[in-house]
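Visitor: Just upload_6.txt, nothing more (compact mmCIF, C-alpha atoms and all ligand atoms):
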# COMPACT_ATOMS: atom_id res chain seq x y z
CA MET A 1 -38.46 -18.59 20.65
CA ALA A 2 -38.15 -15.37 22.66
CA ILE A 3 -40.87 -13.44 24.47
CA VAL A 4 -40.54 -9.78 25.43
CA THR A 5 -43.26 -8.40 27.71
CA VAL A 6 -44.14 -4.73 27.38
CA ASN A 7 -45.61 -3.04 30.46
CA ALA A 8 -47.06 0.20 29.12
CA SER A 9 -50.68 1.34 29.64
CA LYS A 10 -51.45 -2.18 28.45
CA SER A 11 -49.27 -5.17 29.26
CA TYR A 12 -48.61 -7.51 26.31
CA ASP A 13 -46.21 -10.08 24.93
CA VAL A 14 -44.12 -9.82 21.81
CA VAL A 15 -43.58 -13.44 20.74
CA ILE A 16 -40.56 -13.78 18.46
CA SER A 17 -40.31 -17.12 16.69
CA PRO A 18 -40.02 -18.61 13.21
CA TYR A 19 -43.04 -20.41 11.74
CA ILE A 20 -45.61 -19.32 14.32
CA LEU A 21 -48.09 -18.02 11.74
CA ARG A 22 -49.42 -21.55 11.43
CA ASN A 23 -50.23 -21.51 15.17
CA THR A 24 -52.04 -18.14 15.11
CA GLY A 25 -55.47 -19.73 15.66
CA ASP A 26 -54.51 -21.67 18.79
CA ILE A 27 -52.47 -18.82 20.26
CA LEU A 28 -55.39 -16.39 19.88
CA LYS A 29 -57.89 -18.96 21.16
CA ASP A 30 -55.80 -19.54 24.31
CA LYS A 31 -55.48 -15.83 24.92
CA PHE A 32 -58.82 -14.38 23.84
CA GLY A 33 -61.20 -17.31 23.22
CA VAL A 34 -62.99 -18.01 19.95
CA LYS A 35 -63.72 -14.71 18.17
CA THR A 36 -64.33 -13.00 14.88
CA ASN A 37 -60.92 -11.95 13.57
CA CYS A 38 -60.57 -9.25 10.93
CA ILE A 39 -57.27 -9.51 9.06
CA ILE A 40 -56.14 -6.19 7.59
CA THR A 41 -53.30 -6.46 5.10
CA ASP A 42 -51.92 -5.31 1.75
CA GLU A 43 -52.24 -7.20 -1.54
CA THR A 44 -48.67 -8.53 -1.59
CA VAL A 45 -48.68 -9.82 1.97
CA ASP A 46 -52.19 -11.16 1.45
CA SER A 47 -51.12 -13.42 -1.41
CA MET A 48 -48.10 -14.70 0.54
CA TYR A 49 -49.25 -15.05 4.14
CA SER A 50 -53.04 -14.73 4.53
CA PRO A 51 -53.70 -18.36 3.52
CA VAL A 52 -51.68 -19.84 6.40
CA VAL A 53 -53.13 -17.40 8.94
CA VAL A 54 -56.72 -17.88 7.75
CA GLU A 55 -56.38 -21.66 7.74
CA SER A 56 -54.95 -21.65 11.24
CA LEU A 57 -57.68 -19.36 12.58
CA GLU A 58 -60.49 -21.35 10.98
CA LYS A 59 -59.06 -24.65 12.20
CA SER A 60 -59.21 -23.30 15.75
CA GLY A 61 -62.86 -22.37 15.29
CA HIS A 62 -62.56 -18.61 14.77
CA LYS A 63 -64.61 -16.69 12.25
CA VAL A 64 -62.40 -14.77 9.79
CA VAL A 65 -63.07 -11.72 7.65
CA LYS A 66 -60.40 -9.99 5.61
CA TYR A 67 -59.83 -6.46 4.35
CA VAL A 68 -57.13 -6.15 1.68
CA PHE A 69 -55.80 -2.87 0.25
CA PRO A 70 -53.21 -1.88 -2.37
CA VAL A 71 -49.55 -1.73 -1.36
CA GLY A 72 -48.09 1.68 -0.54
CA GLU A 73 -48.28 4.82 1.54
CA ASN A 74 -51.50 5.97 -0.21
CA SER A 75 -53.31 3.27 1.73
CA LYS A 76 -52.43 5.11 4.94
CA GLY A 77 -54.74 7.92 3.81
CA ALA A 78 -58.06 8.92 5.35
CA GLU A 79 -60.10 7.28 2.59
CA ASN A 80 -58.74 3.78 3.20
CA PHE A 81 -59.02 4.32 6.95
CA VAL A 82 -62.73 5.16 6.71
CA ASN A 83 -63.29 2.24 4.34
CA ILE A 84 -61.78 -0.05 6.97
CA LEU A 85 -64.10 1.34 9.68
CA ASN A 86 -67.10 0.79 7.41
CA PHE A 87 -65.91 -2.74 6.65
CA LEU A 88 -65.67 -3.51 10.39
CA ALA A 89 -69.12 -2.10 10.99
CA SER A 90 -70.71 -3.94 8.08
CA ASN A 91 -69.21 -7.19 9.39
CA LYS A 92 -70.61 -6.36 12.82
CA LEU A 93 -67.36 -6.72 14.72
CA THR A 94 -67.90 -6.21 18.44
CA ARG A 95 -65.56 -4.81 21.07
CA SER A 96 -64.44 -8.28 22.08
CA ASP A 97 -63.53 -9.25 18.50
CA ILE A 98 -60.02 -8.89 17.13
CA ILE A 99 -58.34 -6.81 14.47
CA ILE A 100 -55.17 -8.40 13.10
CA ALA A 101 -52.64 -6.22 11.27
CA LEU A 102 -50.73 -8.54 8.95
CA GLY A 103 -47.77 -7.00 7.12
CA GLY A 104 -45.35 -4.12 7.40
CA GLY A 105 -45.67 -0.72 9.04
CA ILE A 106 -48.44 0.42 6.72
CA PRO A 107 -51.01 -2.26 7.61
CA GLY A 108 -49.80 -1.93 11.22
CA ASP A 109 -50.34 1.82 11.42
CA VAL A 110 -53.69 2.04 9.65
CA ALA A 111 -55.18 -1.11 11.21
CA GLY A 112 -53.90 0.06 14.59
CA PHE A 113 -55.66 3.41 14.28
CA ALA A 114 -58.81 1.61 13.15
CA ALA A 115 -58.54 -0.67 16.22
CA ALA A 116 -58.10 2.40 18.44
CA THR A 117 -61.13 4.20 17.06
CA TYR A 118 -63.69 1.59 15.95
CA LEU A 119 -66.20 1.32 18.83
CA ARG A 120 -63.66 3.42 20.81
CA GLY A 121 -61.22 0.54 20.84
CA VAL A 122 -61.22 -3.18 20.03
CA LYS A 123 -58.69 -5.97 20.55
CA PHE A 124 -55.64 -5.59 18.36
CA VAL A 125 -52.98 -8.09 17.30
CA GLN A 126 -49.91 -7.18 15.26
CA ILE A 127 -48.34 -9.77 12.96
CA PRO A 128 -45.36 -7.89 11.48
CA THR A 129 -43.79 -9.23 8.26
CA THR A 130 -41.14 -6.60 7.48
CA LEU A 131 -37.96 -6.11 9.49
CA LEU A 132 -39.00 -2.50 10.19
CA ALA A 133 -42.33 -3.67 11.57
CA CYS A 134 -40.73 -6.47 13.64
CA VAL A 135 -38.18 -4.21 15.33
CA ASP A 136 -40.04 -0.92 15.40
CA SER A 137 -43.56 -0.14 14.28
CA SER A 138 -45.43 -3.17 15.71
CA VAL A 139 -44.28 -2.41 19.26
CA GLY A 140 -44.91 0.72 21.28
CA GLY A 141 -48.44 1.67 20.34
CA LYS A 142 -48.00 4.50 17.88
CA THR A 143 -50.72 4.24 15.26
CA ALA A 144 -51.34 6.78 12.52
CA ILE A 145 -52.75 7.76 9.18
CA ASN A 146 -51.57 10.44 6.75
CA LEU A 147 -53.49 13.64 5.96
CA ASP A 148 -53.16 15.83 2.86
CA GLU A 149 -50.88 18.13 4.85
CA GLY A 150 -48.40 15.43 5.79
CA LYS A 151 -47.53 12.00 7.11
CA ASN A 152 -48.75 10.58 10.42
CA LEU A 153 -50.77 13.71 11.25
CA ALA A 154 -53.67 11.82 12.82
CA GLY A 155 -53.34 8.86 15.11
CA ALA A 156 -53.48 7.50 18.61
CA PHE A 157 -51.30 5.85 21.20
CA TYR A 158 -52.92 2.43 21.22
CA GLN A 159 -50.96 -0.56 22.39
CA PRO A 160 -51.61 -3.96 20.79
CA ASP A 161 -52.82 -6.88 22.92
CA LEU A 162 -50.28 -9.22 21.36
CA VAL A 163 -47.49 -9.13 18.78
CA LEU A 164 -46.66 -12.32 16.88
CA CYS A 165 -43.35 -11.78 15.19
CA ASP A 166 -42.74 -14.69 12.80
CA TYR A 167 -39.36 -13.75 11.38
CA SER A 168 -39.37 -16.62 8.85
CA THR A 169 -41.58 -14.26 6.81
CA LEU A 170 -38.62 -11.92 6.37
CA GLU A 171 -37.04 -14.42 3.96
CA THR A 172 -39.36 -13.26 1.17
CA LEU A 173 -38.63 -9.54 1.62
CA PRO A 174 -37.06 -7.70 -1.32
CA ASP A 175 -33.49 -6.68 -0.37
CA HIS A 176 -34.25 -2.96 -0.30
CA VAL A 177 -37.19 -3.46 2.08
CA PHE A 178 -35.01 -5.59 4.36
CA SER A 179 -32.37 -2.83 4.30
CA ASP A 180 -34.92 -0.21 5.34
CA GLY A 181 -35.38 -2.23 8.51
CA VAL A 182 -31.62 -2.57 8.95
CA ALA A 183 -31.40 1.23 9.26
CA GLU A 184 -33.65 0.99 12.35
CA VAL A 185 -31.63 -1.92 13.75
CA VAL A 186 -28.43 0.10 13.40
CA LYS A 187 -30.25 2.97 15.11
CA TYR A 188 -30.96 0.80 18.17
CA GLY A 189 -27.32 -0.28 18.19
CA VAL A 190 -26.03 3.28 18.21
CA ILE A 191 -28.47 4.54 20.84
CA LYS A 192 -28.27 1.66 23.31
CA ASP A 193 -26.49 -1.55 22.32
CA GLU A 194 -22.94 -1.80 21.03
CA HIS A 195 -23.17 -5.59 20.66
CA LEU A 196 -26.16 -5.17 18.35
CA PHE A 197 -24.18 -2.66 16.30
CA ASN A 198 -21.33 -5.17 16.10
CA LEU A 199 -23.68 -7.82 14.72
CA ALA A 200 -24.70 -5.41 11.95
CA GLU A 201 -21.08 -4.41 11.37
CA MET A 202 -20.08 -8.08 10.99
CA ASN A 203 -22.97 -8.68 8.57
CA LEU A 204 -24.51 -11.21 10.96
CA LEU A 205 -28.05 -9.81 11.13
CA LYS A 206 -29.63 -12.58 9.03
CA ASP A 207 -27.79 -15.31 10.93
CA LYS A 208 -28.84 -13.92 14.30
CA MET A 209 -32.34 -12.75 13.43
CA GLU A 210 -34.02 -13.86 16.65
CA GLU A 211 -31.38 -12.27 18.86
CA VAL A 212 -31.41 -9.10 16.76
CA ILE A 213 -35.19 -8.67 16.97
CA GLU A 214 -35.23 -9.50 20.68
CA ARG A 215 -32.54 -6.90 21.40
CA CYS A 216 -34.34 -4.20 19.39
CA VAL A 217 -37.74 -4.95 20.92
CA SER A 218 -36.24 -5.04 24.43
CA ILE A 219 -34.71 -1.60 23.94
CA LYS A 220 -38.00 -0.25 22.63
CA ARG A 221 -39.85 -1.96 25.53
CA ASP A 222 -37.60 -0.29 28.12
CA ILE A 223 -38.02 3.11 26.53
CA VAL A 224 -41.80 2.78 26.03
CA ASN A 225 -42.29 1.50 29.59
CA GLU A 226 -40.63 4.68 30.80
CA ASP A 227 -42.13 7.19 28.37
CA GLU A 228 -45.09 5.78 26.44
CA ARG A 229 -46.32 9.19 25.28
CA ASP A 230 -43.07 10.43 23.79
CA MET A 231 -42.49 13.33 26.17
CA GLY A 232 -38.84 12.57 26.96
CA VAL A 233 -36.62 9.53 26.68
CA ARG A 234 -38.69 7.96 23.84
CA GLN A 235 -37.35 10.70 21.63
CA LEU A 236 -34.00 8.86 21.65
CA LEU A 237 -35.66 6.58 19.09
CA ASN A 238 -35.55 9.57 16.74
CA TYR A 239 -31.80 9.23 16.25
CA GLY A 240 -31.17 10.05 12.58
CA HIS A 241 -34.83 11.00 12.15
CA THR A 242 -34.75 14.81 12.39
CA TYR A 243 -32.20 14.84 9.60
CA GLY A 244 -33.94 11.86 7.96
CA HIS A 245 -37.38 13.45 7.84
CA ALA A 246 -35.93 16.57 6.20
CA ILE A 247 -34.16 14.38 3.62
CA GLU A 248 -37.29 12.30 2.97
CA LYS A 249 -39.30 15.45 2.48
CA ALA A 250 -36.67 17.12 0.27
CA SER A 251 -36.73 14.01 -1.95
CA ASN A 252 -40.50 14.36 -2.20
CA TYR A 253 -40.65 10.91 -0.61
CA THR A 254 -38.80 9.25 -3.48
CA LEU A 255 -36.13 8.17 -0.98
CA SER A 256 -37.31 5.44 1.38
CA HIS A 257 -37.58 6.10 5.11
CA GLY A 258 -34.73 3.69 5.86
CA SER A 259 -32.45 5.32 3.30
CA ALA A 260 -33.21 8.79 4.68
CA VAL A 261 -32.63 7.64 8.26
CA ALA A 262 -29.34 6.00 7.23
CA ILE A 263 -28.10 9.30 5.81
CA GLY A 264 -29.56 11.14 8.83
CA MET A 265 -27.67 8.96 11.31
CA CYS A 266 -24.39 9.66 9.48
CA MET A 267 -25.13 13.39 9.54
CA ALA A 268 -26.01 13.39 13.24
CA SER A 269 -22.83 11.50 14.12
CA LYS A 270 -20.66 13.82 12.04
CA ALA A 271 -22.29 16.88 13.58
CA ALA A 272 -21.92 15.49 17.11
CA TYR A 273 -18.20 14.99 16.59
CA LYS A 274 -17.54 18.28 14.80
CA LEU A 275 -19.42 20.26 17.43
CA GLY A 276 -17.54 18.56 20.26
CA PHE A 277 -20.31 16.44 21.77
CA SER A 278 -19.00 12.94 21.12
CA ASP A 279 -16.05 11.06 22.58
CA GLU A 280 -15.11 9.61 19.20
CA ASP A 281 -16.05 10.00 15.55
CA ILE A 282 -18.28 7.00 14.85
CA THR A 283 -19.11 8.14 11.32
CA ASP A 284 -16.66 5.84 9.48
CA ARG A 285 -17.89 2.70 11.24
CA LEU A 286 -21.46 3.77 10.67
CA VAL A 287 -20.91 4.48 6.97
CA GLU A 288 -19.17 1.15 6.36
CA THR A 289 -21.88 -0.78 8.19
CA LEU A 290 -24.74 0.90 6.32
CA ARG A 291 -22.98 0.31 3.00
CA LEU A 292 -22.95 -3.44 3.67
CA TYR A 293 -26.72 -3.26 3.29
CA ASN A 294 -26.62 -0.91 0.29
CA LEU A 295 -27.97 1.97 2.35
CA PRO A 296 -26.95 5.49 1.28
CA THR A 297 -24.78 7.54 3.62
CA GLN A 298 -24.25 10.87 1.85
CA CYS A 299 -26.84 13.63 1.73
CA PRO A 300 -27.74 14.54 -1.87
CA TYR A 301 -29.21 17.95 -0.87
CA ASP A 302 -27.66 21.23 0.26
CA VAL A 303 -28.27 22.71 3.71
CA GLU A 304 -30.72 25.31 2.45
CA THR A 305 -32.95 22.67 0.86
CA LEU A 306 -32.87 20.61 4.04
CA ILE A 307 -33.68 23.56 6.28
CA ASN A 308 -36.61 24.54 4.09
CA ALA A 309 -37.89 20.96 4.24
CA ALA A 310 -37.37 20.72 8.01
CA LEU A 311 -39.03 24.03 8.78
CA SER A 312 -41.94 23.80 6.38
CA ASP A 313 -44.06 22.01 8.96
CA LYS A 314 -45.08 23.39 12.30
CA LYS A 315 -41.77 24.83 13.49
CA ARG A 316 -41.43 28.52 14.29
CA GLN A 317 -38.69 30.84 15.51
CA GLY A 318 -38.07 30.40 19.21
CA GLU A 319 -39.37 26.86 19.15
CA LYS A 320 -37.17 24.09 20.53
CA ILE A 321 -36.23 20.85 18.83
CA ASN A 322 -34.75 17.78 20.50
CA LEU A 323 -31.91 16.41 18.40
CA VAL A 324 -30.47 12.99 19.18
CA LEU A 325 -26.68 12.93 19.07
CA PRO A 326 -24.34 9.99 19.67
CA LYS A 327 -21.63 10.15 22.34
CA ARG A 328 -20.23 6.82 21.19
CA ILE A 329 -21.69 3.59 19.78
CA GLY A 330 -24.22 2.41 22.37
CA GLU A 331 -24.94 5.80 23.93
CA CYS A 332 -26.88 8.80 22.64
CA PHE A 333 -28.27 11.88 24.31
CA LEU A 334 -30.99 14.46 23.64
CA GLN A 335 -29.77 17.92 22.74
CA THR A 336 -32.43 20.60 22.99
CA ILE A 337 -31.75 23.32 20.44
CA ASP A 338 -33.49 26.42 19.21
CA VAL A 339 -34.97 26.15 15.71
CA LYS A 340 -32.66 28.98 14.61
CA ASP A 341 -29.63 26.81 15.43
CA LEU A 342 -30.79 23.89 13.30
CA GLU A 343 -28.80 25.21 10.35
CA LYS A 344 -25.57 24.91 12.34
CA TYR A 345 -26.32 21.26 13.12
CA PHE A 346 -27.23 20.50 9.52
CA GLU A 347 -24.13 22.28 8.24
CA ALA A 348 -21.89 20.31 10.59
CA GLY A 349 -23.45 17.06 9.39
CA MET A 350 -22.68 17.57 5.70
N1 LIG B 401 -45.95 3.12 14.32
C1 LIG B 401 -44.66 3.27 14.40
O1 LIG B 401 -44.09 3.32 15.50
C2 LIG B 401 -43.85 3.34 13.15
C3 LIG B 401 -42.46 3.28 13.20
C4 LIG B 401 -41.76 3.29 12.01
C5 LIG B 401 -42.43 3.36 10.80
N2 LIG B 401 -43.79 3.42 10.78
C6 LIG B 401 -44.53 3.47 9.50
O2 LIG B 401 -44.30 2.24 8.82
C7 LIG B 401 -44.48 2.44 7.41
C8 LIG B 401 -43.36 1.74 6.69
O3 LIG B 401 -43.35 0.39 7.05
P1 LIG B 401 -42.80 -0.74 6.07
O4 LIG B 401 -41.48 -0.34 5.52
O5 LIG B 401 -42.91 -2.03 6.78
O6 LIG B 401 -43.82 -0.60 4.84
P2 LIG B 401 -44.90 -1.54 4.14
O7 LIG B 401 -45.89 -2.00 5.11
O8 LIG B 401 -45.38 -0.82 2.96
O9 LIG B 401 -44.02 -2.78 3.62
C9 LIG B 401 -43.03 -2.56 2.63
C10 LIG B 401 -43.24 -3.48 1.41
O10 LIG B 401 -42.92 -4.83 1.77
C11 LIG B 401 -43.95 -5.71 1.35
N3 LIG B 401 -43.91 -6.84 2.27
C12 LIG B 401 -44.27 -6.85 3.59
N4 LIG B 401 -43.95 -8.03 4.15
C13 LIG B 401 -43.41 -8.78 3.18
C14 LIG B 401 -42.83 -10.10 3.16
N5 LIG B 401 -42.71 -10.83 4.27
N6 LIG B 401 -42.35 -10.58 1.99
C15 LIG B 401 -42.40 -9.79 0.87
N7 LIG B 401 -42.88 -8.55 0.83
C16 LIG B 401 -43.38 -8.05 1.98
C17 LIG B 401 -45.19 -4.87 1.39
O11 LIG B 401 -46.19 -5.42 0.57
C18 LIG B 401 -44.66 -3.53 0.89
O12 LIG B 401 -44.60 -3.55 -0.51
C19 LIG B 401 -44.51 3.94 7.21
O13 LIG B 401 -45.82 4.33 6.91
C20 LIG B 401 -44.08 4.53 8.55
O14 LIG B 401 -44.66 5.78 8.81
C21 LIG B 401 -44.50 3.41 11.93
ZN ZN B 402 -37.88 5.24 11.52
Let me see the file written as C-alpha cells.
Ligand SMILES: NC(=O)c1ccc[n+]([C@@H]2O[C@H](COP(=O)([O-])OP(=O)(O)OC[C@H]3O[C@@H](n4cnc5c(N)ncnc54)[C@H](O)[C@@H]3O)[C@@H](O)[C@H]2O)c1
Ligand SMILES: [Zn+2]

Guide:
Amino acid sequence: MAIVTVNASKSYDVVISPYILRNTGDILKDKFGVKTNCIITDETVDSMYSPVVVESLEKSGHKVVKYVFPVGENSKGAENFVNILNFLASNKLTRSDIIIALGGGIPGDVAGFAAATYLRGVKFVQIPTTLLACVDSSVGGKTAINLDEGKNLAGAFYQPDLVLCDYSTLETLPDHVFSDGVAEVVKYGVIKDEHLFNLAEMNLLKDKMEEVIERCVSIKRDIVNEDERDMGVRQLLNYGHTYGHAIEKASNYTLSHGSAVAIGMCMASKAAYKLGFSDEDITDRLVETLRLYNLPTQCPYDVETLINAALSDKKRQGEKINLVLPKRIGECFLQTIDVKDLEKYFEAGM
C-alpha cells in the first residue's frame, strides 16, 4: 500500500492499494463517521464493482443510495448533471454526506462537479477504476461537464476529500482503455520521471502497478501543490495535449483521448528537436514505447486540418498559447508562442 498526501486548497490522501474496495465502509467511517453515501457510476462499472462497495458501506452502518448512468461521454452532458443534482436533492443528502465517484474519468468529472455545486459543496470521494482515472483525473480537483459548444466547458476546481485507488480493478479493463491510461503514464515519464518512462519502455507497467501509480500521483501532487489553478507549472501536464486536442477534434472524437495524446506527444517531441529546443531526439524511443501498448504514433491529418481544429475554439490572432516541449526524457518546458506561429510547430511535428 502507498499513500500520497496532496496539500492543495484541501489536504487529502490518495490511498493506492489492491483490494481496498471491500474496506470502503470502514475507511469512510473512520474518516467521516457514519453517513449517507451516494455512489455515482456508469452501468459497466456498476455491474462489476458496486456490489462490493455497497456491501462494505452497509456493513459499516452507512446508508447507501446509487445513481447509475449509461457509459460514455454523453453522460458528461448538462442533462445528466442536472439529473444527478435532482437525485441528490430527492434523497435529501446534506452537506456532511458523501458523494462517491466510482469508475473512470467520466463518473469522476461529472460526480465531482455535482459535489462542487450541490448545496455549494459536499464531501467527495473518488474511487477510480481506470488507469487514466488512477493516475490523472481522480487527483488534482479538476471537475467538469461538456456543453453543446465543446468538452469540459463548465466545471470547478474542487478537490476530493479522499481518493481510494484500488488498482486490482484495472485487471478487468479492456486493453484499449488500459492503453489510454498508458499514454498519460508515458506523459508523466517524459515531463518529470525518466525511471517511470523506462518502466513503460520495458513493458513493466502491469508488473509494477503500485509504483507506477504512486510515481504519477506524486508528480501530479507536486505540480498541483504549486499551481492548483493551472496558471503556470500545471500546464506541463498538457504535454502532447495541444496537439492531441486538435487531433481528437479533427477526428470528430472518433479517436480516443489517449490515442490522440500519444500522437500529440510524438509530434511535440519531433517539433522540439527539429526546432532546436531539445538536447536529443526522443521521438524514436517514444514511438517504440507507445507501440508496445498499441497506441498510434503518426498523425492521420494534414497541418491545415489540425490548425483549423486547434483554432476553431476561443483562440484569436495575437493570443498566446503555452506549448509543452521536451528537452529530454524526464524534463519538459513551457514554450509560450503566438497563435500565428502554431502552424510552424504543427508542421515541424509531422
Ligand atoms: N479531471 C481531470 O483532471 C481529467 C483528466 C483527464 C481526463 N479527464 C476526463 O476523463 C474522461 C475519460 O476518462 P476514462 O478514460 O476513464 O473514461 P470512462 O470513465 O468512460 O471509462 C472508460 C471505459 O472503461 C469502463 N471501465 C471503467 N472501469 C472499468 C474496469 N475496472 N473494468 C472494466 N471496464 C471499466 C467504463 O465503463 C468505460 O466504458 C474524459 O471525459 C476526460 O475529459 C479528466
Ligand atoms: Zn489527458

Visitor: Rank nothing, just name the residue among A:Val261, A:Met1, A:Met231, A:Leu342 nearest to ligand ZN 402 (chain B), using all atoms listed in the file.

Guide: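 The closest residue to ligand ZN 402 (chain B) is A:Val261.
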
Visitor: So, counting all atoms listed in the file, which residue among A:Thr129, A:Ser269, A:Asn80, A:Ser60 is closest to Cys165 in chain A?

Guide: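 Smallest distance to Cys165 in chain A is found for A:Thr129.
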
Visitor: Kindly give the distance, in Å, that separates CA of Arg215 in chain A and CA of Phe197 in chain A, rounded to a single decimal.

Guide: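 Going from CA of Arg215 in chain A over to CA of Phe197 in chain A, I get 10.7 Å.
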
Visitor: Please find the residues contacting ligand LIG 401 (chain B) at a distance of at most 7 Å between atoms, with all atoms listed in the file counted, and report them as a PDB file with C-alpha atoms, in the coordinates of the input.

Guide:
ATOM      1  CA  ASP A  42     -51.920  -5.310   1.750  1.00  0.00           C
ATOM      2  CA  GLU A  43     -52.240  -7.200  -1.540  1.00  0.00           C
ATOM      3  CA  THR A  44     -48.670  -8.530  -1.590  1.00  0.00           C
ATOM      4  CA  VAL A  45     -48.680  -9.820   1.970  1.00  0.00           C
ATOM      5  CA  VAL A  71     -49.550  -1.730  -1.360  1.00  0.00           C
ATOM      6  CA  GLY A  72     -48.090   1.680  -0.540  1.00  0.00           C
ATOM      7  CA  GLU A  73     -48.280   4.820   1.540  1.00  0.00           C
ATOM      8  CA  LYS A  76     -52.430   5.110   4.940  1.00  0.00           C
ATOM      9  CA  GLY A 103     -47.770  -7.000   7.120  1.00  0.00           C
ATOM     10  CA  GLY A 104     -45.350  -4.120   7.400  1.00  0.00           C
ATOM     11  CA  GLY A 105     -45.670  -0.720   9.040  1.00  0.00           C
ATOM     12  CA  ILE A 106     -48.440   0.420   6.720  1.00  0.00           C
ATOM     13  CA  PRO A 107     -51.010  -2.260   7.610  1.00  0.00           C
ATOM     14  CA  ASP A 109     -50.340   1.820  11.420  1.00  0.00           C
ATOM     15  CA  THR A 129     -43.790  -9.230   8.260  1.00  0.00           C
ATOM     16  CA  THR A 130     -41.140  -6.600   7.480  1.00  0.00           C
ATOM     17  CA  LEU A 131     -37.960  -6.110   9.490  1.00  0.00           C
ATOM     18  CA  LEU A 132     -39.000  -2.500  10.190  1.00  0.00           C
ATOM     19  CA  ALA A 133     -42.330  -3.670  11.570  1.00  0.00           C
ATOM     20  CA  ASP A 136     -40.040  -0.920  15.400  1.00  0.00           C
ATOM     21  CA  SER A 137     -43.560  -0.140  14.280  1.00  0.00           C
ATOM     22  CA  SER A 138     -45.430  -3.170  15.710  1.00  0.00           C
ATOM     23  CA  VAL A 139     -44.280  -2.410  19.260  1.00  0.00           C
ATOM     24  CA  GLY A 140     -44.910   0.720  21.280  1.00  0.00           C
ATOM     25  CA  GLY A 141     -48.440   1.670  20.340  1.00  0.00           C
ATOM     26  CA  LYS A 142     -48.000   4.500  17.880  1.00  0.00           C
ATOM     27  CA  THR A 143     -50.720   4.240  15.260  1.00  0.00           C
ATOM     28  CA  ALA A 144     -51.340   6.780  12.520  1.00  0.00           C
ATOM     29  CA  ASN A 152     -48.750  10.580  10.420  1.00  0.00           C
ATOM     30  CA  THR A 169     -41.580 -14.260   6.810  1.00  0.00           C
ATOM     31  CA  LEU A 170     -38.620 -11.920   6.370  1.00  0.00           C
ATOM     32  CA  GLU A 171     -37.040 -14.420   3.960  1.00  0.00           C
ATOM     33  CA  THR A 172     -39.360 -13.260   1.170  1.00  0.00           C
ATOM     34  CA  LEU A 173     -38.630  -9.540   1.620  1.00  0.00           C
ATOM     35  CA  PRO A 174     -37.060  -7.700  -1.320  1.00  0.00           C
ATOM     36  CA  VAL A 177     -37.190  -3.460   2.080  1.00  0.00           C
ATOM     37  CA  ASP A 180     -34.920  -0.210   5.340  1.00  0.00           C
TER      38      ASP A 180
END

Visitor: What gap, in Å, lies between CA of Ala2 in chain A and CA of Gly258 in chain A?

Guide: 25.6 Å

Visitor: Counting only C-alpha atoms, which residue out of A:Pro160, A:Pro296, A:Gly349, A:Gly121 sits closest to Tyr12 in chain A?

Guide: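 Of all the options, A:Pro160 lies closest to Tyr12 in chain A.
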
Visitor: Can you list, as number ranges by chain, every protein, DNA or RNA residue that comes within 9 Å of Val15 in chain A when you count all atoms listed in the file, leaving out same-chain residues fewer than 5 positions away?

Guide: A: 1-5, 20, 162-166

Visitor: One decimal, in Å: what's the spacing between CA of Thr94 in chain A and CA of Thr36 in chain A?

Guide: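 Taking CA of Thr94 in chain A as the start and CA of Thr36 in chain A as the end point, the length is 8.5 Å.
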
Visitor: Check which residues fall inside 12 Å of ligand ZN 402 (chain B) when counting all atoms listed in the file, and print them as a ChimeraX atom specification.

Guide: /A:105,131-133,135-137,142,180-188,235-245,248,256-262,264-265

Visitor: So, counting all atoms listed in the file, which residue among A:Ser312, A:Gly189, A:Asn7, A:Leu28 is closest to Ile329 in chain A?

Guide: A:Gly189

Visitor: Just the residues within 8 Å of Asn294 in chain A, please, counting all atoms listed in the file, with nothing from its chain fewer than 3 positions along; format it as a list in words.

Guide: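 Non-adjacent residues within range: His176, Ser179, Leu290 and Arg291 of chain A.
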
Visitor: Hey, could you make a per-residue contact list for range 261-305 of chain A against range 322-325 of chain A with 10 Å as the cut-off, showing the nearest pair of atoms and its distance in Å to one decimal, counting only C-alpha atoms, sorted by chain and number, as a tab-separated table?

Guide:
residue	atom	partner	partner_atom	distance
A:Met265	CA	A:Leu325	CA	8.8
A:Met267	CA	A:Leu325	CA	9.7
A:Ala268	CA	A:Leu325	CA	5.9
A:Ser269	CA	A:Leu325	CA	6.4
A:Lys270	CA	A:Leu325	CA	9.3
A:Ala271	CA	A:Leu325	CA	8.1
A:Ala272	CA	A:Leu325	CA	5.7
A:Tyr273	CA	A:Leu325	CA	9.1
A:Phe277	CA	A:Leu325	CA	7.8
A:Ser278	CA	A:Leu325	CA	7.9

Visitor: Could you list, as a count of residues only, every residue within 9 Å of range 63-68 of chain A, counting all atoms listed in the file and ignoring same-chain residues fewer than 3 positions away?

Guide: 19

Visitor: Point out the residue among A:Glu201, A:Asp227, A:Glu55, A:Glu343 with the least atom-to-atom distance to Ala310 in chain A, counting all atoms listed in the file.

Guide: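 Counting all atoms listed in the file, the residue closest to Ala310 in chain A is A:Glu343.
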
Visitor: Met209 in chain A: which residues within 10 Å, counting all atoms listed in the file, same-chain residues fewer than 2 positions away excluded, as an NGL selection string?

Guide: :A and (16-18 or 131 or 167-168 or 170 or 204-207 or 211-215)

Visitor: Using all atoms listed in the file for the distances, tell me which of A:Asn225, A:Gln159, A:Ser47, A:Ser11 is nearest to Pro70 in chain A.

Guide: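 Using all atoms listed in the file, Pro70 in chain A sits closest to A:Ser47.
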
Visitor: Taking (-25.3, 3.8, 19.0) in the file's coordinates, which residues come within 6 Å, counting only C-alpha atoms, written as a ChimeraX atom specification?

Guide: /A:189-192,329-331
